[in-house]
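Take a look at the structure set out below.
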Amino acid sequence: MACWRWTETERIIRKALTEEKRVSTKTSAADLVTETDHLVEDLIISELRERFPSHRFIAEEAAASGAKCVLTHSPTWIIDPIDGTCNFVHRFPTVAVSIGFAVRQELEFGVIYHCTEERLYTGRRGRGAFCNGQRLRVSGETEMESHHLAQAGLELMASDLSKALVLTEIGPKRDPATLKLFLSNMERLLHAKAHGVRVIGSSTLALCHLASGAADAYYQFGLHCWDLAAATVIIREAGGIVIDTSGGPLDLMACRVVAASTREMAMLIAQALQTINYGRDDEK
Ligand code: IPD
């Protein structure tokens, strides 16, 4: 993918970032799409299809238009043409293109391009993870002590995430019950003494910060396989852990994730979280 036409993709996105956009909504008023999402997705798929005619594709905007998201054993490209579309609409310069590749349902490699900072994150199974050629390593933040947390009415056995910087994203649902759970999950991590919880508006770039050692953990309900595929390879190759919020193995189609620099930290976060149900990508 090093030979991918990033410059053209970047040119299209950077130019459109500063212009007026036609914005539509998808699953909620906060789930946005623009003509540039479609343009970039079509460009990526047509180029890849020309080179690899037998391969399959799972792509965000095709899925929004009704294409099935089923990961088979065939070689499959998993594409998010603009991750951080809400940022993109507001000209907030944290947007990325994410392309993952799986064979026999195993993630083989991923590339994520931070369009405004010209940072290319890559990861290939067994071959390491890099940003613009520099090796990526997750942070070594593991410090924690077990203690009982019973503040603010929370009867929660939690271990201390002391000193951890945690990232999350809000997800598209904004009904009162979902927001209550989202805020309560954040509160639980803050009670467990996380240094901070950050929301940057792009799940793929947040996951790249984890892979770079700039944050210690990430969790989210409501992201999709195209948000996770490339980033999962990059984090694993940087030495990190990516699991399901149940504490079990990652299920790429389950719309939920915990990722962290260590398994202990991932498990602590998984134990603290209350589930927000977003259904599955392969059942929509
Ligand atoms: C979304 C962003 C957002 C996250 C959503 C994602 P999109 O991707 O990463 O931060 O909260 O869950 O689906 O729609 O901008 O490609």
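Identifiers in this document derive from the order of the structure tokens: chains are assigned A, B, ..., residues are numbered from 1 separately in each chain, and ligands are numbered from 1 in order of occurrence.
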(request) Could I get the residue neighbourhood of ligand 1 at 10 Å, counting only C-alpha atoms and all ligand atoms, as a ChimeraX atom specification? (result) /A:26,30-33,37,60-61,79-89,94-98,168-173,199-207,220-228,255-256
(request) Would you list the contacts of Asn185 in chain A as a ChimeraX atom specification, taking every protein, DNA or RNA residue within 12 Å and counting only C-alpha atoms, but skipping same-chain residues closer than 5 positions in sequence? (result) /A:154,156,166,168-170,178-180,190-192,197,219-221,245,269-276
(request) Give the strand (DSSP E or B) residues of range 6-150 of chain A, as assigned by DSSP on the backbone, as a VMD selection string. (result) chain A and resid 23 to 25 32 to 34 56 to 59 76 to 83 96 to 103 106 to 114 119 to 124 128 to 131 134 to 135 146 to 149
(message) Measuring between only C-alpha atoms, which one of A:Gly126, A:Thr262, A:Pro249, A:Leu71 shows the shortest distance to Ala164 in chain A?
(response) A:Thr262
(message) as a ChimeraX atom specification, please: the residues near Gln134 in chain A (cut-off 12 Å, only C-alpha atoms, same-chain neighbours under 5 positions excluded).
(response) /A:119-123,128-129,211-212,238
(request) Pick out the closest residue to Gly110 in chain A from this set: A:His38, A:Arg198, A:His209, A:Arg236. Count only C-alpha atoms. (result) A:Arg236
(message) I need the residue nearest Thr34 in chain A from this list: A:Lys163, A:His90, A:His195, A:Arg51. Use only C-alpha atoms for the distance.
(response)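 So, comparing all the options, the nearest one is A:His90.
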(request) Enumerate as number ranges by chain all residues of range 33-272 of chain A assigned to alpha helix (DSSP H) by DSSP on the backbone, naming them with the chain letters and numbers the document uses. (result) A: 35-51, 60-64, 85-90, 176-191, 203-211, 225-237, 263-272
(message) Using Å and a single decimal, report how far CA of Arg125 in chain A sits from CA of Phe101 in chain A.
(response)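 Between CA of Phe101 in chain A and CA of Arg125 in chain A the gap is 10.5 Å.
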(request) Give me the residues within 10 Å of Ala62 in chain A as JSON, numbers by chain, counting only C-alpha atoms and dropping any in the same chain fewer than 4 places off. (result) {"A": [38, 41, 42, 57, 58, 66, 67, 68, 69, 79]}
